[in-house]
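Source file run11.txt; content: compact mmCIF, C-alpha atoms and all ligand atoms.
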```txt
# COMPACT_ATOMS: atom_id res chain seq x y z
CA MET B 952 107.35 103.08 114.41
CA GLN B 953 107.69 99.41 113.56
CA VAL B 954 104.35 97.87 112.82
CA VAL B 955 104.08 94.19 113.65
CA THR B 956 101.46 92.38 111.64
CA VAL B 957 100.12 88.94 112.45
CA ARG B 958 102.17 87.41 109.70
CA GLU B 959 105.47 89.06 110.66
CA GLU B 960 104.93 88.34 114.33
CA TYR B 961 104.25 84.67 113.79
CA LYS B 962 106.46 84.02 110.76
CA ASP B 963 109.51 82.82 112.72
CA LYS B 964 107.46 80.76 115.12
CA GLY B 965 106.15 78.49 112.37
CA PHE B 966 102.58 78.28 113.62
CA ILE B 967 99.28 79.89 112.86
CA MET B 968 97.88 82.33 115.39
CA ASN B 969 95.19 80.90 117.64
CA ILE B 970 91.73 82.26 116.73
CA ASN B 971 91.22 83.75 120.19
CA ASP B 972 94.55 85.60 119.93
CA VAL B 973 93.46 86.87 116.52
CA LEU B 974 90.14 88.15 117.89
CA LYS B 975 91.85 89.87 120.81
CA SER B 976 94.63 91.49 118.83
CA ARG B 977 92.64 92.83 115.87
CA ARG B 978 92.26 96.59 116.01
CA THR B 979 90.73 99.02 113.57
CA ILE B 980 93.46 100.52 111.36
CA ARG B 981 93.14 104.04 109.96
CA LYS B 982 96.71 104.68 108.79
CA PHE B 983 98.08 102.59 105.97
CA LYS B 984 101.29 101.93 104.06
CA GLN B 985 100.95 102.65 100.37
CA THR B 986 101.81 99.07 99.25
CA PRO B 987 98.93 98.08 96.96
CA LEU B 988 96.67 95.08 97.54
CA SER B 989 96.09 92.59 94.75
CA GLY B 990 92.72 91.76 93.23
CA GLU B 991 93.26 88.19 94.42
CA GLN B 992 93.57 89.40 98.03
CA LEU B 993 90.33 91.38 97.80
CA MET B 994 88.55 88.36 96.28
CA ARG B 995 89.77 86.21 99.18
CA TYR B 996 88.38 88.66 101.76
CA ILE B 997 85.03 88.77 99.95
CA ASP B 998 85.05 84.99 99.79
CA ALA B 999 85.41 84.91 103.60
CA ALA B 1000 82.44 87.29 103.90
CA ARG B 1001 80.46 85.14 101.48
CA VAL B 1002 80.46 82.15 103.86
CA ALA B 1003 79.42 84.09 106.98
CA PRO B 1004 76.28 83.11 108.91
CA SER B 1005 73.12 84.49 107.30
CA ALA B 1006 69.56 84.58 108.70
CA ALA B 1007 67.43 81.93 106.93
CA ASN B 1008 70.57 81.46 104.79
CA LEU B 1009 69.17 84.09 102.43
CA GLN B 1010 72.65 85.56 101.74
CA PRO B 1011 71.40 88.94 100.55
CA LEU B 1012 74.82 90.64 100.54
CA LYS B 1013 76.82 91.71 97.48
CA TYR B 1014 80.26 93.32 97.36
CA ILE B 1015 82.17 95.77 95.22
CA ALA B 1016 85.97 95.82 95.43
CA VAL B 1017 87.76 99.05 94.57
CA LYS B 1018 91.53 99.32 94.10
CA ASN B 1019 91.64 101.65 91.12
CA THR B 1020 93.65 104.71 92.31
CA GLU B 1021 91.22 107.30 90.99
CA MET B 1022 88.19 105.58 92.53
CA VAL B 1023 90.02 105.00 95.82
CA GLU B 1024 90.81 108.73 95.97
CA LYS B 1025 87.18 109.64 95.31
CA ILE B 1026 85.86 107.32 98.02
CA PHE B 1027 88.31 108.85 100.52
CA GLY B 1028 86.46 112.16 100.21
CA LEU B 1029 83.15 110.45 100.99
CA VAL B 1030 83.99 108.73 104.30
CA LYS B 1031 84.54 110.05 107.84
CA TRP B 1032 87.40 108.95 110.08
CA ALA B 1033 87.61 108.51 113.85
CA GLY B 1034 84.76 110.66 115.13
CA TYR B 1035 86.24 110.89 118.66
CA LEU B 1036 89.49 112.42 117.45
CA ALA B 1037 90.38 115.77 115.95
CA SER B 1038 90.81 115.93 112.18
CA GLU B 1039 94.63 115.91 112.59
CA TYR B 1040 94.27 112.16 113.10
CA ASN B 1041 92.69 111.73 109.63
CA PRO B 1042 94.98 109.68 107.37
CA LYS B 1043 97.52 111.96 105.64
CA GLU B 1044 97.97 111.65 101.90
CA ASP B 1045 100.60 108.92 102.30
CA GLU B 1046 98.56 107.06 104.95
CA ARG B 1047 95.32 106.59 103.07
CA PRO B 1048 93.70 103.19 102.40
CA THR B 1049 94.80 101.53 99.18
CA ALA B 1050 91.49 99.72 98.62
CA TYR B 1051 87.88 99.60 99.73
CA ILE B 1052 85.18 96.95 99.73
CA ALA B 1053 81.62 98.26 99.59
CA VAL B 1054 79.04 96.02 101.26
CA CYS B 1055 75.53 96.14 99.75
CA ALA B 1056 72.26 94.40 100.47
CA ASP B 1057 70.33 93.09 97.50
CA THR B 1058 66.73 94.06 98.28
CA ALA B 1059 65.55 91.66 95.58
CA VAL B 1060 66.76 88.89 97.94
CA ARG B 1061 65.80 90.49 101.27
CA LYS B 1062 63.92 93.79 101.58
CA ALA B 1063 64.93 94.72 105.12
CA GLY B 1064 66.49 93.31 108.28
CA TYR B 1065 69.82 92.38 106.74
CA GLU B 1066 72.05 94.45 109.06
CA ILE B 1067 72.91 91.54 111.35
CA ASP B 1068 74.03 89.57 108.29
CA VAL B 1069 76.21 92.57 107.41
CA GLY B 1070 77.81 92.44 110.87
CA ALA B 1071 78.77 88.78 110.55
CA ALA B 1072 80.00 89.15 106.98
CA VAL B 1073 82.08 92.26 107.62
CA GLU B 1074 83.76 90.69 110.64
CA ASN B 1075 84.69 87.66 108.48
CA LEU B 1076 86.03 90.00 105.82
CA ILE B 1077 88.11 92.02 108.29
CA LEU B 1078 89.54 88.91 109.96
CA SER B 1079 90.42 87.41 106.58
CA ALA B 1080 92.34 90.59 105.76
CA PHE B 1081 93.95 90.52 109.21
CA SER B 1082 95.22 86.98 108.59
CA ASP B 1083 96.99 88.43 105.56
CA GLY B 1084 98.61 91.19 107.64
CA VAL B 1085 96.17 93.69 106.13
CA GLY B 1086 94.45 96.29 108.31
CA ALA B 1087 90.85 97.43 107.96
CA CYS B 1088 88.46 100.15 109.08
CA TRP B 1089 84.77 99.34 109.05
CA MET B 1090 83.07 102.55 107.96
CA GLY B 1091 79.45 103.43 108.64
CA ALA B 1092 79.85 107.21 108.48
CA VAL B 1093 79.85 107.28 104.69
CA ASP B 1094 78.06 109.38 102.10
CA ARG B 1095 75.76 106.62 100.85
CA PRO B 1096 74.07 108.51 98.00
CA LYS B 1097 77.39 109.74 96.55
CA ILE B 1098 79.22 106.42 96.93
CA SER B 1099 76.24 104.57 95.42
CA GLU B 1100 76.33 106.93 92.47
CA LEU B 1101 80.11 106.60 92.08
CA LEU B 1102 79.85 102.81 92.11
CA GLY B 1103 76.88 102.85 89.74
CA LEU B 1104 74.72 100.80 92.09
CA PRO B 1105 71.35 99.74 90.66
CA GLU B 1106 68.25 100.50 92.74
CA ASN B 1107 68.07 97.02 94.29
CA LEU B 1108 71.58 97.30 95.79
CA VAL B 1109 71.49 99.29 99.03
CA LEU B 1110 74.89 100.39 100.31
CA SER B 1111 75.27 99.32 103.94
CA CYS B 1112 78.88 100.21 104.70
CA VAL B 1113 82.38 100.38 103.33
CA VAL B 1114 85.54 98.66 104.57
CA ALA B 1115 88.79 100.58 104.06
CA LEU B 1116 91.83 98.34 103.59
CA GLY B 1117 95.61 98.47 103.41
CA TYR B 1118 98.81 97.38 105.14
CA PRO B 1119 98.90 98.93 108.64
CA ALA B 1120 101.05 101.97 109.37
CA GLU B 1121 99.92 102.22 112.99
CA GLN B 1122 99.54 99.79 115.86
CA PRO B 1123 96.55 100.72 118.05
CA LYS B 1124 96.17 98.95 121.37
CA GLU B 1125 93.39 97.88 123.71
CA VAL B 1126 93.28 99.67 127.06
CA LYS B 1127 90.95 99.49 130.06
CA VAL B 1128 87.87 101.70 130.28
CA THR B 1129 88.51 104.27 133.04
CA ASP B 1130 85.74 106.41 134.58
CA GLY B 1131 83.30 104.89 132.13
CA ASN B 1132 85.02 106.60 129.18
CA ILE B 1133 84.88 104.48 126.03
CA LYS B 1134 86.25 107.12 123.66
CA TYR B 1135 89.45 106.10 121.92
CA TYR B 1136 92.35 108.53 122.26
CA LEU B 1137 95.98 109.09 121.34
CA ASN B 1138 98.45 108.64 124.22
CA GLU B 1139 101.68 110.62 124.71
CA GLU B 1140 103.44 108.30 122.21
CA ASN B 1141 100.72 109.02 119.66
CA THR B 1142 99.49 105.43 119.84
CA LEU B 1143 95.75 105.01 119.40
CA CYS B 1144 94.31 103.54 122.60
CA VAL B 1145 90.96 101.77 122.35
CA PRO B 1146 89.15 101.30 125.68
CA LYS B 1147 87.33 97.98 125.99
CA ARG B 1148 84.96 97.20 128.84
CA ASP B 1149 86.16 94.61 131.37
CA LEU B 1150 84.82 91.06 131.19
CA GLU B 1151 83.14 91.53 134.60
CA ASP B 1152 81.25 94.51 133.22
CA VAL B 1153 79.75 92.65 130.27
CA ILE B 1154 78.89 89.31 131.89
CA ILE B 1155 75.62 89.70 133.76
CA LYS B 1156 75.42 86.25 135.27
CA ILE B 1157 76.65 82.71 134.82
CA TYR B 1158 74.10 79.96 135.50
CA ASP B 1159 76.55 77.28 136.56
C1 LIG P 1201 79.19 99.50 112.33
C2 LIG P 1201 80.51 100.23 112.51
C3 LIG P 1201 80.70 101.46 111.89
C4 LIG P 1201 81.92 102.11 112.01
N1 LIG P 1201 82.10 103.30 111.34
C5 LIG P 1201 83.29 103.93 111.42
C6 LIG P 1201 83.51 105.12 110.67
O1 LIG P 1201 82.65 105.58 109.93
N2 LIG P 1201 84.72 105.73 110.76
C7 LIG P 1201 85.73 105.21 111.54
O2 LIG P 1201 86.81 105.82 111.58
N3 LIG P 1201 85.56 104.08 112.28
C8 LIG P 1201 84.38 103.42 112.22
N4 LIG P 1201 84.18 102.24 112.91
C9 LIG P 1201 85.28 101.67 113.72
C10 LIG P 1201 85.03 101.85 115.23
O3 LIG P 1201 85.31 103.18 115.58
C11 LIG P 1201 85.95 100.86 116.00
O4 LIG P 1201 85.55 99.55 115.70
C12 LIG P 1201 85.88 101.10 117.50
O5 LIG P 1201 86.45 102.33 117.83
C13 LIG P 1201 86.59 100.00 118.28
O6 LIG P 1201 87.91 99.85 117.85
P1 LIG P 1201 88.48 98.43 117.39
O7 LIG P 1201 87.80 98.06 116.10
O8 LIG P 1201 89.95 98.64 117.24
O9 LIG P 1201 88.14 97.44 118.47
C14 LIG P 1201 82.97 101.56 112.81
C15 LIG P 1201 82.75 100.32 113.42
C16 LIG P 1201 81.55 99.65 113.27
C17 LIG P 1201 81.35 98.31 113.93
```

Translate this structure into structure tokens?
Amino acid sequence: MQVVTVREEYKDKGFIMNINDVLKSRRTIRKFKQTPLSGEQLMRYIDAARVAPSAANLQPLKYIAVKNTEMVEKIFGLVKWAGYLASEYNPKEDERPTAYIAVCADTAVRKAGYEIDVGAAVENLILSAFSDGVGACWMGAVDRPKISELLGLPENLVLSCVVALGYPAEQPKEVKVTDGNIKYYLNEENTLCVPKRDLEDVIIKIYD
């Protein structure tokens, strides 16, 4: 299957993708090409997260980038993929992420209530990667104690989530929610279909 990334798709057209198109075409990626990412790329994605909105501008978040092969392999065993799908959909050995970014909250800066900051920062991070043609999976189902130990996190750094990264080897698509079912699924072509609620279903009212 040919995977079209933002960069490839827009390369010939000589313009940068409109932000709304970016937001609507981003999908979680769970199958990756094995082309490595550079440290510079990971720093750029963290830099995008760094400037995200932050409550009271406290900026309690800290990041750890992992691209070392041995560490990447270890983290793979400590995260859970695509809960709605059978384990056959788990990335095969040659489809695994090539890097991870761990997102931590520094409790010395903010003790609790930092999860909304995490949301804004992680979305920035993922979109920065996307603009590079790099796919991402935001991962909350992670073994926090084991990953914290592996990364040698001090007590004040609480692991919130992990973002798996790599060049996409799949092209999931948005589909309509039918019969209220929001569970993503694989269609007959083995394409991951991600149901999104209709606009009419999420807008309660417009005071015009
Ligand atoms: C807070 C959060 C935690 C998530 N945790 C996981 C996870 O542990 N494993 C996984 O495969 N996907 C995880 N995802 C990805 C969601 O399954 C995905 O965003 C959702 O199915 C919608 O697909 P989309 O991102 O392509 O729109 C997580 C997403 C969010 C926002």

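In this structure, CA of Leu988 in chain B sits 21.2 Å away from atom C5 of ligand LIG 1201 (chain P).
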
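Once only C-alpha atoms and all ligand atoms are used for the distance check, the residues close to ligand LIG 1201 (chain P) at 7 Å turn out to be Arg977, Arg978, Thr979, Arg981, Val1030, Lys1031, Trp1032, Ala1033, Gly1034, Cys1088, Trp1089, Met1090, Gly1091, Ala1092, Val1093, Pro1123, Tyr1135 and Val1145 of chain B.
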
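With distances restricted to all atoms listed in the file, B:Ala1087 is the closest residue to Glu1074 in chain B from B:Asn1107, B:Ala1087, B:Asp1149, B:Arg1095.
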
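Compared by their closest atoms to Cys1144 in chain B, and using all atoms listed in the file, the residues B:Leu1036, B:Lys1025, B:Ala1063, B:Met968 rank with B:Leu1036 nearest.
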
Spatial neighbours of Phe1081 in chain B, max dist 10 Å, all atoms listed in the file, sep filter under 2 positions, as a list in words
Thr956, Val957, Arg958, Val973, Leu974, Ser976, Arg977, Arg978, Tyr996, Asn1075, Leu1076, Ile1077, Leu1078, Ser1079, Asp1083, Gly1084, Val1085, Gly1086, Ala1087, Leu1116, Gly1117, Tyr1118 and Pro1119 of chain B

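The residue that comes closest to Thr1058 in chain B, out of B:Lys1013, B:Lys1018, B:Arg1001, B:Lys1097 and on the basis of only C-alpha atoms, is B:Lys1013.
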
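When CA of Leu1012 in chain B is paired with CA of Val1109 in chain B, their separation reads 9.4 Å.
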
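Using only C-alpha atoms for every distance, the candidate list B:Ala1050, B:Ile1098, B:Ile1067, B:Val1128 yields B:Ala1050 as the residue closest to Thr986 in chain B.
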
Pairwise distance, CA of Ala1056 in chain B with CA of Leu1110 in chain B, equals 6.5 Å

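Take the candidates B:Ala1115, B:Ile1026, B:Leu1009, B:Leu1150 and check each one against Asp1057 in chain B using all atoms listed in the file; the shortest distance goes to B:Leu1009.
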
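Within 8 Å of the file-frame point (78.0, 87.8, 98.8), and using all atoms listed in the file, the polymer residues found are Ile997, Asp998, Ala1000, Arg1001, Val1002, Gln1010, Pro1011, Leu1012, Lys1013 and Tyr1014 of chain B.
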
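Taking all atoms listed in the file into account, Lys1124 in chain B lies nearest to B:Lys975 out of the set B:Ile970, B:Lys975, B:Glu1039, B:Ala1071.
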
Axis-aligned box for all listed atoms of range 1095-1107 of chain B, 5 Å per side, centre and edges in Å to one decimal, as JSON:
```
{"center_x": 74.1, "center_y": 103.4, "center_z": 95.3, "size_x": 22.0, "size_y": 22.7, "size_z": 21.1}
```

Fill-in result for range 970-983 of chain B, N, CA, C and O atoms as an mmCIF file, keeping the file's coordinate frame:
```
data_model
loop_
_atom_site.group_PDB
_atom_site.id
_atom_site.type_symbol
_atom_site.label_atom_id
_atom_site.label_comp_id
_atom_site.auth_asym_id
_atom_site.auth_seq_id
_atom_site.Cartn_x
_atom_site.Cartn_y
_atom_site.Cartn_z
ATOM 1 N N ILE B 970 92.850 81.373 117.091
ATOM 2 C CA ILE B 970 91.730 82.260 116.730
ATOM 3 C C ILE B 970 91.421 83.270 117.837
ATOM 4 O O ILE B 970 91.171 84.438 117.574
ATOM 5 N N ASN B 971 91.500 82.827 119.094
ATOM 6 C CA ASN B 971 91.220 83.750 120.190
ATOM 7 C C ASN B 971 92.238 84.890 120.237
ATOM 8 O O ASN B 971 91.874 86.035 120.511
ATOM 9 N N ASP B 972 93.511 84.568 119.974
ATOM 10 C CA ASP B 972 94.550 85.600 119.930
ATOM 11 C C ASP B 972 94.266 86.576 118.795
ATOM 12 O O ASP B 972 94.465 87.780 118.922
ATOM 13 N N VAL B 973 93.800 86.021 117.676
ATOM 14 C CA VAL B 973 93.460 86.870 116.520
ATOM 15 C C VAL B 973 92.359 87.848 116.928
ATOM 16 O O VAL B 973 92.472 89.057 116.739
ATOM 17 N N LEU B 974 91.289 87.301 117.535
ATOM 18 C CA LEU B 974 90.140 88.150 117.890
ATOM 19 C C LEU B 974 90.549 89.239 118.865
ATOM 20 O O LEU B 974 90.065 90.371 118.786
ATOM 21 N N LYS B 975 91.465 88.898 119.784
ATOM 22 C CA LYS B 975 91.850 89.870 120.810
ATOM 23 C C LYS B 975 92.879 90.873 120.328
ATOM 24 O O LYS B 975 93.018 91.944 120.912
ATOM 25 N N SER B 976 93.590 90.551 119.266
ATOM 26 C CA SER B 976 94.630 91.490 118.830
ATOM 27 C C SER B 976 94.205 92.333 117.624
ATOM 28 O O SER B 976 94.881 93.302 117.286
ATOM 29 N N ARG B 977 93.103 91.998 116.985
ATOM 30 C CA ARG B 977 92.640 92.830 115.870
ATOM 31 C C ARG B 977 92.242 94.220 116.377
ATOM 32 O O ARG B 977 91.569 94.355 117.371
ATOM 33 N N ARG B 978 92.710 95.227 115.711
ATOM 34 C CA ARG B 978 92.260 96.590 116.010
ATOM 35 C C ARG B 978 91.935 97.272 114.687
ATOM 36 O O ARG B 978 92.519 96.949 113.653
ATOM 37 N N THR B 979 91.026 98.207 114.745
ATOM 38 C CA THR B 979 90.730 99.020 113.570
ATOM 39 C C THR B 979 91.982 99.799 113.168
ATOM 40 O O THR B 979 92.636 100.392 114.017
ATOM 41 N N ILE B 980 92.282 99.789 111.881
ATOM 42 C CA ILE B 980 93.460 100.520 111.360
ATOM 43 C C ILE B 980 92.958 101.680 110.495
ATOM 44 O O ILE B 980 92.079 101.515 109.648
ATOM 45 N N ARG B 981 93.532 102.860 110.745
ATOM 46 C CA ARG B 981 93.140 104.040 109.960
ATOM 47 C C ARG B 981 94.327 104.726 109.296
ATOM 48 O O ARG B 981 94.161 105.764 108.678
ATOM 49 N N LYS B 982 95.521 104.149 109.475
ATOM 50 C CA LYS B 982 96.710 104.680 108.790
ATOM 51 C C LYS B 982 97.377 103.511 108.075
ATOM 52 O O LYS B 982 97.611 102.461 108.692
ATOM 53 N N PHE B 983 97.665 103.718 106.806
ATOM 54 C CA PHE B 983 98.080 102.590 105.970
ATOM 55 C C PHE B 983 99.371 102.894 105.209
ATOM 56 O O PHE B 983 99.621 104.036 104.811
#
```
